[in-house]
Amino acid sequence: MSEPLPNPGAETTATTTSWRLIAALGGVALLCGVLIVTAFQSTLDPIAKNRRIALERSIFSLIPEGVSLHIYAVSAQGTTLLRPGQAMPKEAQRVYAVYDAHRHLRGLVAEAGAVGYADVVRVLYAYDPHQQAIVGFAVGAHRETPGIGDKIRTDADFQKNFVALDARLDASGQALAHPIRTVKHGSKRNPWEIDAISGATITSRAVGRGINDSASTLLPRLHPHLNNLESPP
Amino acid sequence: MTELRSAPHERLGVSVESIMLNVVLALLPIALFSIWLYGLSALALLITSVVVCLATERVFNRLSGQSSTLSDWSAMITGILLALVLPPSFPLWMTAVAAVVAMGLGKILFGGLGMNVFNPALVGRAFVQAAFPSAIATWVPSYAPNRFHEFIPTTLTQPLMIPPDITAWVKAVSADAFTGATPLAMWKFQHQLTAPEDLILGIATASVGETSAMLILVCGLYLALRGMLDWRIPVGMMGSAVILASAFHLYNPDFFPPPVFVLLSGGLMLGAMFMATDMATSPVTPLAVWTYAILIGVVTVLIRYFGGLSEGVMYAILFGNALAPLLDRSLPTRVFGRRKPWRVGS
Amino acid sequence: MKPGEHTLTAFENFMEGIWKQNPVFVMVLGMCPTLAVTVSAINALGMGLATTFVLVFSCLLVSVIRNWVPKEVRIATYIVIIASFVTVVDYAIQALSLGLYEALGAFIQLIVVNCIILGRAEAHASKHPPLTAVVNALGMGIGFTIGLFALGGVREIFGTGTLFGISLFGPGFQPWIVMLLPPGGFFVLGGWLLLFAWWKMRKEAKDGA
């Protein structure tokens with residue numbers, strides 16, 4: 001083989017000029033830059049499509065009658081429609097308004113998160129403004145213990161909590177009439193309580209806390225403007 | 001390490017085999033009492049655990065081309081101890097898994113008797129605790145009326161399958177309000193204390209052999225009086241646990257349970273008498289033994305009070321086991337006539 | 001190296017990473033992804049193939065530019081090259097399967113610091129012509145993939161009772177939770193290493209006799 005062995009030798013160092021080093025690094029960097037940009041540009045659309053499909057699938061699984069959705073930013077100032085590519089304003093909560101085939105609002109889906117046993121448990125929950133209740137729940141990213149904490153995804157009894165979880169506003173419209181809370185397994189008495197999974201209380205509590213935190217700020221801000229959302233823009 | 005522990009064994013001329021046999025004898029009353037409490041299921045659990053432990057040892061003996069080491073009784077002890085720390089309703093196939101792991105991973109891979117770092121029975125218990133967390137936290141009441149005629153439904157679960165739900169069975173066999181929680185879990189999660197007399201007599205919900213504190217104490221005393229277990233370990237472990245628990249109880253008597261509860265509940269007594277005293281996995285020099293025992297007692301209480309689990313004896317002993325060689329090395333016996341180790345100079 | 005010698009060793013060169021120098025079972029390299037992502041067979045395969053892709057293309061490029069890059073800056077160029085291909089793989093997996101991307105998490109990005117790749121680039125690709133380098137890298141990559149699959153398959157079978165998501169024992173299977181947790185990775189890796197060591201010992205005993 002004719003290539004120079006990478007032996008540390010004094011004469012090689014002397015002959016390599018700074019210009020040569022920079023040229024080599026720059027050349028490689030340029031080549032790699034082209035490579036990365038090509039990969040980025042060519043995957044941009046498929047990735048955006050994948051993300052949209054994944055999000056829509058989980059949202060429509062919460063509201064099966066839904067066929068289309070629009071994203072709104074809900075803040076203390078009111079609701080704003082977010083067009084694709086538009087950035088989310090600060091201090092606003094993202095809400096997915098889901099419409100059925102007759103262009104009627106079937107429900108709203110929002111994100112919630114709270115610290116569970118291992119890390120933040122992220123969930124999506126569906127809110128039905130006509131019933132004023134939470135009517136669905138799906139688990140997003142989480143790092144809960146397999147077989148214990150991750151039962152929140154699979155446990156049928158736990159899922160039943162979210163068939164009609166009471167989320168009515170009080171008379172002032174500024175807060176939930178009853179804060180949503182997780183109670184010990186088997187002691188659910190009221191429609192605003194979540195029956196914890198036995199043995200996975202910490203994760204169950206995180207779900208309840210996350211939904212309560214999200215709903216108690218979102219719903220009072222949302223309700224005065226619900227009319228804007230009744231039909232798709 | 002056993003041969004280092006000269007006094008008093010050599011004076012008495014007691015062999016390893018004879019000590020081991022005596023440990024088996026001391027465990028028998030506890031095992032028999034557990035069969036009285038839980039019936040057929042406890043019997044099947046004990047038999048499965050012992051048979052699988054012996055078989056695993058034999059298979060590995062053959063694979064590694066050694067002669068059989070079954071005659072030293074140590075595999076038998078591991079089998080009995082493992083059964084005693086499992087819940088009575090534990091499925092037999094899971095018991096077999098625990099036994100294979102106990103002997104294989106806990107003992108033989110380290111080189112067999114005397115070479116293992118961790119108590120084999122606890123290695124098996126820790127493995128199934130991590131593998132089957134819900135089965136190992138399923139508790140049944142003692143003195144079920146038909147315990148000598150039928151098994152607890154979960155005992156005969158088909159291998160690899162989920163044990164059936166026994167809520168209905170438990171309701172049918174338990175007379176009064178049985179909560180399905182151990183006294184420690186009741187204290188930790190519901191803040192209810194179990195009466196000390198229940199803990200002493202073995203009425204409380206517990207693992208197969210952790211029920212009667214009094215019986216375990218008597219059997220342990222037998223071994224200690226015959227000089228076959230290091231009395232410092234149970235004394236140090238239980239003493240440190242009681243002292244620490246007393247301090248917490250004095251600090252906040254409403255929240256922390258009385259020390260007698262800490263002493264009598266869970267596996268502290270069984271662990272102190274029969275697990276932490278395992279000769280292969282405990283230190284040798286007196287100072288190291290005291291440190292080891294006190295450390296286990298303290299860690300047990302800390303896990304029970306501040307950990308995610310309600311019981312901490314198992315992990316505390318495994319932790320002590322891991323430190324034992326280090327303790328021996330850093331706390332050696334003082335040799336008279338030599339320079340003190342800390343006086344490096346002249 | 002003479003031309004005749006080169007053709008003779010091409011197969012051995014390829015097999016080196018799969019058997020004699022297997023990154024997982026013999027060299028015990030790249031343990032971070034090995035233990036972390038092997039909770040299922042599909043994750044293991046995805047991770048293995050992603051690493052193989054980066055390994056092969058990095059080694060190719062390193063080999064092509066080996067005479068042109070001064071040794072003073074070679075590590076910097078290797079890292080830039082490896083990081084670029086990792087970025088490409090990162091985007092490619094997101095475009096192919098978001099589910100796999102989320103399952104592998106940060107470990108795709110961490111391929112940059114997988115010591116197998118930098119090790120191969122430095123020890124092999126920088127000293128050999130492109131074809132030899134690619135063949136060797138491909139062997140290493142496949143060896144790594146086999147190693148990950150051996151772990152992921154066993155952990156999935158015990159941890160969830162499935163293989164590639166296909167149920168093996170029916171709905172009543174009791175999962176061995178520990179196999180999905182980090183200790184399970186160590187147990188299974190230890191089991192495989194034990195098996196290989198036992199195998200080797202028996203072979204040596206037989207050869208010696």
# chains A, B, ... in the order shown; residues from 1 in each chain; ligands from 1
>>> select_by_dssp(residues="chain C", states="helix (DSSP H, G or I)", output="number ranges by chain")
C: 3-20, 31-36, 41-64, 71-96, 98-107, 109-113, 115-123, 125-127, 130-160, 177-180, 182-208
>>> select_by_dssp(residues="segment 50-193 of chain A", states="strand (DSSP E or B)", output="VMD selection string")
chain A and resid 68 to 75 78 to 82 93 to 99 105 to 115 120 to 128 133 to 139 165 to 166 169 176 181 to 183 193
>>> residues_around(residues="Leu118 of chain C", least_positions_apart="3", cutoff="8 Å", atoms="only C-alpha atoms", output="tab-separated table (two decimals) with all heavy atoms, in the first residue's frame")
chain	number	residue	atom	x	y	z
C	78	TYR	N	-13.06	12.56	10.66
C	78	TYR	CA	-13.85	11.34	10.88
C	78	TYR	C	-15.14	11.67	11.61
C	78	TYR	O	-16.22	11.21	11.26
C	78	TYR	CB	-13.08	10.30	11.71
C	78	TYR	CG	-11.79	9.82	11.08
C	78	TYR	CD1	-10.83	9.15	11.84
C	78	TYR	CD2	-11.53	10.01	9.72
C	78	TYR	CE1	-9.65	8.71	11.29
C	78	TYR	CE2	-10.35	9.58	9.16
C	78	TYR	CZ	-9.41	8.94	9.95
C	78	TYR	OH	-8.24	8.51	9.40
C	79	ILE	N	-14.99	12.48	12.65
C	79	ILE	CA	-16.18	12.80	13.46
C	79	ILE	C	-17.20	13.58	12.63
C	79	ILE	O	-18.40	13.32	12.69
C	79	ILE	CB	-15.77	13.58	14.73
C	79	ILE	CG1	-15.12	12.62	15.73
C	79	ILE	CG2	-16.95	14.27	15.38
C	79	ILE	CD1	-16.07	11.62	16.35
C	82	ILE	N	-18.82	11.04	10.30
C	82	ILE	CA	-19.74	10.14	11.02
C	82	ILE	C	-21.00	10.91	11.43
C	82	ILE	O	-22.13	10.44	11.22
C	82	ILE	CB	-19.04	9.52	12.26
C	82	ILE	CG1	-17.89	8.61	11.82
C	82	ILE	CG2	-20.04	8.74	13.10
C	82	ILE	CD1	-16.96	8.20	12.94
C	113	VAL	N	-21.26	8.80	18.64
C	113	VAL	CA	-20.19	8.47	19.58
C	113	VAL	C	-20.06	6.97	19.80
C	113	VAL	O	-19.41	6.54	20.74
C	113	VAL	CB	-20.38	9.20	20.93
C	113	VAL	CG1	-20.08	10.66	20.76
C	113	VAL	CG2	-21.77	8.97	21.46
C	114	ASN	N	-20.66	6.17	18.92
C	114	ASN	CA	-20.49	4.72	19.04
C	114	ASN	C	-19.04	4.39	18.70
C	114	ASN	O	-18.54	4.69	17.61
C	114	ASN	CB	-21.44	4.02	18.06
C	114	ASN	CG	-21.46	2.53	18.29
C	114	ASN	OD1	-20.43	1.92	18.54
C	114	ASN	ND2	-22.64	1.94	18.20
C	115	CYS	N	-18.36	3.76	19.65
C	115	CYS	CA	-16.92	3.58	19.49
C	115	CYS	C	-16.58	2.60	18.37
C	115	CYS	O	-15.48	2.59	17.85
C	115	CYS	CB	-16.29	3.15	20.80
C	115	CYS	SG	-17.16	1.82	21.57
C	121	ALA	N	-13.07	3.32	11.61
C	121	ALA	CA	-12.55	4.35	10.71
C	121	ALA	C	-11.07	4.53	10.95
C	121	ALA	O	-10.27	4.58	10.01
C	121	ALA	CB	-13.30	5.66	10.93
C	122	GLU	N	-10.70	4.60	12.21
C	122	GLU	CA	-9.29	4.87	12.56
C	122	GLU	C	-8.43	3.64	12.32
C	122	GLU	O	-7.34	3.71	11.76
C	122	GLU	CB	-9.24	5.31	14.02
C	122	GLU	CG	-7.88	5.32	14.67
C	122	GLU	CD	-7.01	6.47	14.21
C	122	GLU	OE1	-7.49	7.28	13.38
C	122	GLU	OE2	-5.85	6.55	14.65
>>> closest_residue(among="A:Ala112, A:Ile148, A:Leu82, A:Val123", to="chain C", atoms="only C-alpha atoms")
A:Ile148
>>> interface_residues(of="chain B", to="chain A", cutoff="10 Å", atoms="only C-alpha atoms", output="PyMOL selection string")
chain B and resi 131-134+137+308
>>> residues_around(residues="Phe127 of chain B", least_positions_apart="5", cutoff="9 Å", atoms="only C-alpha atoms", output="list in words")
Val97, Ala98, Val101, Ala102, Leu122 and Phe132 of chain B; Val178 of chain C
>>> write_last_selection(atoms="C-alpha atoms", output="compact mmCIF listing (two decimals), in the first residue's frame")
# COMPACT_ATOMS: atom_id res chain seq x y z
CA VAL B 97 -37.89 -19.51 37.88
CA ALA B 98 -36.84 -17.92 41.17
CA VAL B 101 -32.05 -17.87 39.19
CA ALA B 102 -31.19 -18.24 42.89
CA LEU B 122 -32.50 -13.28 47.98
CA PHE B 132 -43.39 -10.38 38.24
CA VAL C 178 -37.45 -7.26 34.37
>>> closest_atom_pairs(of="chain C", to="chain B", cutoff="8 Å", atoms="only C-alpha atoms", output="JSON lines")
{"residue": "C:Gly172", "atom": "CA", "partner": "B:Met161", "partner_atom": "CA", "distance": 5.3}
{"residue": "C:Phe173", "atom": "CA", "partner": "B:Met161", "partner_atom": "CA", "distance": 4.3}
{"residue": "C:Gln174", "atom": "CA", "partner": "B:Ile162", "partner_atom": "CA", "distance": 4.3}
{"residue": "C:Pro175", "atom": "CA", "partner": "B:Phe132", "partner_atom": "CA", "distance": 7.5}
{"residue": "C:Trp176", "atom": "CA", "partner": "B:Ala131", "partner_atom": "CA", "distance": 4.5}
{"residue": "C:Ile177", "atom": "CA", "partner": "B:Ala131", "partner_atom": "CA", "distance": 4.5}
{"residue": "C:Val178", "atom": "CA", "partner": "B:Ala131", "partner_atom": "CA", "distance": 4.3}
{"residue": "C:Met179", "atom": "CA", "partner": "B:Ala131", "partner_atom": "CA", "distance": 7.1}
>>> interface_residues(of="chain C", to="chain A", cutoff="6 Å", atoms="only C-alpha atoms", output="PyMOL selection string")
chain C and resi 67+69+84+88+94-95
>>> residues_around(residues="Ser58 of chain C", least_positions_apart="5", cutoff="12 Å", atoms="only C-alpha atoms", output="count of residues only")
39
>>> closest_residue(among="C:Trp192, C:Phe144, C:Phe107, C:Phe149", to="Ala44 of chain C", atoms="only C-alpha atoms")
C:Phe149
>>> closest_residue(among="A:Lys184, A:Arg103, A:Arg205, A:Arg122", to="Gly140 of chain A", atoms="only C-alpha atoms")
A:Arg122
>>> residues_around(residues="Glu65 of chain A", least_positions_apart="5", cutoff="9 Å", atoms="only C-alpha atoms", output="PDB file with all heavy atoms, in the first residue's frame")
ATOM      1  N   PHE A  60     -58.076  11.384  16.161  1.00  0.00           N
ATOM      2  CA  PHE A  60     -59.325  10.786  15.691  1.00  0.00           C
ATOM      3  C   PHE A  60     -59.671   9.506  16.460  1.00  0.00           C
ATOM      4  O   PHE A  60     -60.831   9.099  16.499  1.00  0.00           O
ATOM      5  CB  PHE A  60     -59.267  10.525  14.182  1.00  0.00           C
ATOM      6  CG  PHE A  60     -59.286  11.798  13.367  1.00  0.00           C
ATOM      7  CD1 PHE A  60     -58.479  11.940  12.248  1.00  0.00           C
ATOM      8  CD2 PHE A  60     -60.096  12.856  13.740  1.00  0.00           C
ATOM      9  CE1 PHE A  60     -58.494  13.118  11.517  1.00  0.00           C
ATOM     10  CE2 PHE A  60     -60.109  14.044  13.011  1.00  0.00           C
ATOM     11  CZ  PHE A  60     -59.301  14.172  11.895  1.00  0.00           C
ATOM     12  N   VAL A  98     -62.065  19.288  16.504  1.00  0.00           N
ATOM     13  CA  VAL A  98     -62.347  18.167  15.616  1.00  0.00           C
ATOM     14  C   VAL A  98     -63.789  18.266  15.111  1.00  0.00           C
ATOM     15  O   VAL A  98     -64.711  18.450  15.910  1.00  0.00           O
ATOM     16  CB  VAL A  98     -62.126  16.834  16.360  1.00  0.00           C
ATOM     17  CG1 VAL A  98     -62.423  15.657  15.443  1.00  0.00           C
ATOM     18  CG2 VAL A  98     -60.702  16.750  16.874  1.00  0.00           C
ATOM     19  N   TYR A  99     -63.953  18.138  13.793  1.00  0.00           N
ATOM     20  CA  TYR A  99     -65.275  18.288  13.167  1.00  0.00           C
ATOM     21  C   TYR A  99     -65.690  16.990  12.499  1.00  0.00           C
ATOM     22  O   TYR A  99     -64.851  16.249  11.988  1.00  0.00           O
ATOM     23  CB  TYR A  99     -65.238  19.424  12.141  1.00  0.00           C
ATOM     24  CG  TYR A  99     -64.836  20.731  12.766  1.00  0.00           C
ATOM     25  CD1 TYR A  99     -63.495  21.132  12.774  1.00  0.00           C
ATOM     26  CD2 TYR A  99     -65.774  21.528  13.400  1.00  0.00           C
ATOM     27  CE1 TYR A  99     -63.108  22.307  13.388  1.00  0.00           C
ATOM     28  CE2 TYR A  99     -65.399  22.717  14.010  1.00  0.00           C
ATOM     29  CZ  TYR A  99     -64.071  23.100  14.003  1.00  0.00           C
ATOM     30  OH  TYR A  99     -63.691  24.264  14.614  1.00  0.00           O
ATOM     31  N   ASP A 100     -67.001  16.741  12.479  1.00  0.00           N
ATOM     32  CA  ASP A 100     -67.487  15.518  11.828  1.00  0.00           C
ATOM     33  C   ASP A 100     -67.828  15.821  10.361  1.00  0.00           C
ATOM     34  O   ASP A 100     -67.570  16.909   9.843  1.00  0.00           O
ATOM     35  CB  ASP A 100     -68.695  14.950  12.584  1.00  0.00           C
ATOM     36  CG  ASP A 100     -69.884  15.891  12.576  1.00  0.00           C
ATOM     37  OD1 ASP A 100     -69.832  16.876  11.825  1.00  0.00           O
ATOM     38  OD2 ASP A 100     -70.839  15.642  13.338  1.00  0.00           O
ATOM     39  N   ALA A 101     -68.435  14.832   9.698  1.00  0.00           N
ATOM     40  CA  ALA A 101     -68.693  14.962   8.264  1.00  0.00           C
ATOM     41  C   ALA A 101     -69.676  16.093   7.968  1.00  0.00           C
ATOM     42  O   ALA A 101     -69.682  16.649   6.871  1.00  0.00           O
ATOM     43  CB  ALA A 101     -69.230  13.644   7.725  1.00  0.00           C
ATOM     44  N   ARG A 106     -67.228  18.267  17.041  1.00  0.00           N
ATOM     45  CA  ARG A 106     -67.493  17.056  17.819  1.00  0.00           C
ATOM     46  C   ARG A 106     -66.703  17.034  19.120  1.00  0.00           C
ATOM     47  O   ARG A 106     -67.030  16.266  20.021  1.00  0.00           O
ATOM     48  CB  ARG A 106     -67.160  15.799  17.011  1.00  0.00           C
ATOM     49  CG  ARG A 106     -68.109  15.532  15.868  1.00  0.00           C
ATOM     50  CD  ARG A 106     -69.568  15.688  16.282  1.00  0.00           C
ATOM     51  NE  ARG A 106     -70.009  14.695  17.219  1.00  0.00           N
ATOM     52  CZ  ARG A 106     -70.889  13.742  16.933  1.00  0.00           C
ATOM     53  NH1 ARG A 106     -71.411  13.673  15.722  1.00  0.00           N
ATOM     54  NH2 ARG A 106     -71.254  12.875  17.834  1.00  0.00           N
TER      55      ARG A 106
END
>>> residues_around(residues="Ile202 of chain A", least_positions_apart="4", cutoff="9 Å", atoms="only C-alpha atoms", output="NGL selection string")
:A and (116-117 or 149 or 196 or 206-207)
>>> write_last_selection(atoms="all heavy atoms", output="tab-separated table (two decimals), in the first residue's frame")
chain	number	residue	atom	x	y	z
A	116	GLY	N	-44.60	11.88	36.41
A	116	GLY	CA	-45.05	10.61	36.96
A	116	GLY	C	-43.96	9.97	37.77
A	116	GLY	O	-43.22	10.64	38.49
A	117	TYR	N	-43.83	8.66	37.64
A	117	TYR	CA	-42.86	7.92	38.46
A	117	TYR	C	-41.45	8.15	37.95
A	117	TYR	O	-40.53	8.30	38.73
A	117	TYR	CB	-43.21	6.44	38.40
A	117	TYR	CG	-42.46	5.59	39.38
A	117	TYR	CD1	-42.77	5.65	40.74
A	117	TYR	CD2	-41.45	4.75	38.98
A	117	TYR	CE1	-42.09	4.89	41.65
A	117	TYR	CE2	-40.76	3.97	39.89
A	117	TYR	CZ	-41.09	4.04	41.23
A	117	TYR	OH	-40.41	3.29	42.12
A	149	GLY	N	-46.54	1.25	35.52
A	149	GLY	CA	-47.02	2.58	35.16
A	149	GLY	C	-47.63	2.62	33.76
A	149	GLY	O	-48.57	3.37	33.52
A	196	ALA	N	-57.67	5.41	40.41
A	196	ALA	CA	-56.29	5.04	40.10
A	196	ALA	C	-56.18	3.55	39.81
A	196	ALA	O	-57.01	2.75	40.25
A	196	ALA	CB	-55.38	5.41	41.27
A	206	ALA	N	-50.37	11.27	38.17
A	206	ALA	CA	-49.77	12.20	37.22
A	206	ALA	C	-50.75	12.52	36.10
A	206	ALA	O	-50.88	13.67	35.68
A	206	ALA	CB	-48.48	11.61	36.64
A	207	VAL	N	-51.48	11.50	35.63
A	207	VAL	CA	-52.47	11.72	34.57
A	207	VAL	C	-53.53	12.69	35.05
A	207	VAL	O	-53.86	13.67	34.37
A	207	VAL	CB	-53.10	10.37	34.15
A	207	VAL	CG1	-54.27	10.61	33.22
A	207	VAL	CG2	-52.06	9.47	33.50
>>> decode(residues="segment 77-94 of chain B", atoms="N, CA, C and O atoms", output="tab-separated table (two decimals), in the first residue's frame")
chain	number	residue	atom	x	y	z
B	77	ILE	N	-30.97	-25.48	51.88
B	77	ILE	CA	-31.25	-24.27	52.67
B	77	ILE	C	-31.76	-23.16	51.77
B	77	ILE	O	-32.76	-22.49	52.07
B	78	THR	N	-31.06	-22.97	50.63
B	78	THR	CA	-31.51	-21.93	49.70
B	78	THR	C	-32.95	-22.19	49.27
B	78	THR	O	-33.77	-21.27	49.23
B	79	GLY	N	-33.27	-23.45	48.98
B	79	GLY	CA	-34.62	-23.80	48.54
B	79	GLY	C	-35.66	-23.46	49.59
B	79	GLY	O	-36.69	-22.84	49.29
B	80	ILE	N	-35.37	-23.83	50.85
B	80	ILE	CA	-36.35	-23.55	51.92
B	80	ILE	C	-36.47	-22.05	52.15
B	80	ILE	O	-37.57	-21.50	52.21
B	81	LEU	N	-35.32	-21.37	52.22
B	81	LEU	CA	-35.35	-19.93	52.48
B	81	LEU	C	-36.10	-19.18	51.38
B	81	LEU	O	-36.89	-18.27	51.66
B	82	LEU	N	-35.86	-19.60	50.14
B	82	LEU	CA	-36.53	-18.93	49.03
B	82	LEU	C	-38.05	-19.07	49.16
B	82	LEU	O	-38.79	-18.09	49.03
B	83	ALA	N	-38.49	-20.29	49.48
B	83	ALA	CA	-39.94	-20.51	49.63
B	83	ALA	C	-40.48	-19.65	50.77
B	83	ALA	O	-41.59	-19.12	50.68
B	84	LEU	N	-39.68	-19.50	51.84
B	84	LEU	CA	-40.17	-18.77	53.01
B	84	LEU	C	-40.34	-17.27	52.74
B	84	LEU	O	-41.10	-16.61	53.44
B	85	VAL	N	-39.62	-16.73	51.75
B	85	VAL	CA	-39.74	-15.29	51.50
B	85	VAL	C	-40.67	-14.98	50.33
B	85	VAL	O	-40.77	-13.83	49.91
B	86	LEU	N	-41.34	-15.99	49.78
B	86	LEU	CA	-42.30	-15.74	48.70
B	86	LEU	C	-43.71	-15.69	49.27
B	86	LEU	O	-43.99	-16.31	50.30
B	87	PRO	N	-44.63	-14.98	48.59
B	87	PRO	CA	-46.01	-14.98	49.09
B	87	PRO	C	-46.65	-16.36	48.89
B	87	PRO	O	-46.31	-17.05	47.92
B	88	PRO	N	-47.55	-16.76	49.78
B	88	PRO	CA	-48.13	-18.11	49.72
B	88	PRO	C	-48.85	-18.38	48.40
B	88	PRO	O	-48.93	-19.52	47.97
B	89	SER	N	-49.37	-17.35	47.76
B	89	SER	CA	-50.14	-17.57	46.53
B	89	SER	C	-49.26	-17.57	45.30
B	89	SER	O	-49.76	-17.62	44.19
B	90	PHE	N	-47.95	-17.49	45.46
B	90	PHE	CA	-47.05	-17.36	44.32
B	90	PHE	C	-47.16	-18.57	43.41
B	90	PHE	O	-47.07	-19.71	43.88
B	91	PRO	N	-47.37	-18.37	42.09
B	91	PRO	CA	-47.49	-19.51	41.18
B	91	PRO	C	-46.23	-20.39	41.21
B	91	PRO	O	-45.11	-19.88	41.31
B	92	LEU	N	-46.44	-21.70	41.09
B	92	LEU	CA	-45.31	-22.62	41.20
B	92	LEU	C	-44.30	-22.41	40.08
B	92	LEU	O	-43.10	-22.57	40.28
B	93	TRP	N	-44.78	-22.06	38.87
B	93	TRP	CA	-43.80	-21.90	37.79
B	93	TRP	C	-42.90	-20.72	38.04
B	93	TRP	O	-41.71	-20.75	37.72
B	94	MET	N	-43.43	-19.67	38.68
B	94	MET	CA	-42.59	-18.52	39.01
B	94	MET	C	-41.62	-18.89	40.12
B	94	MET	O	-40.47	-18.42	40.15
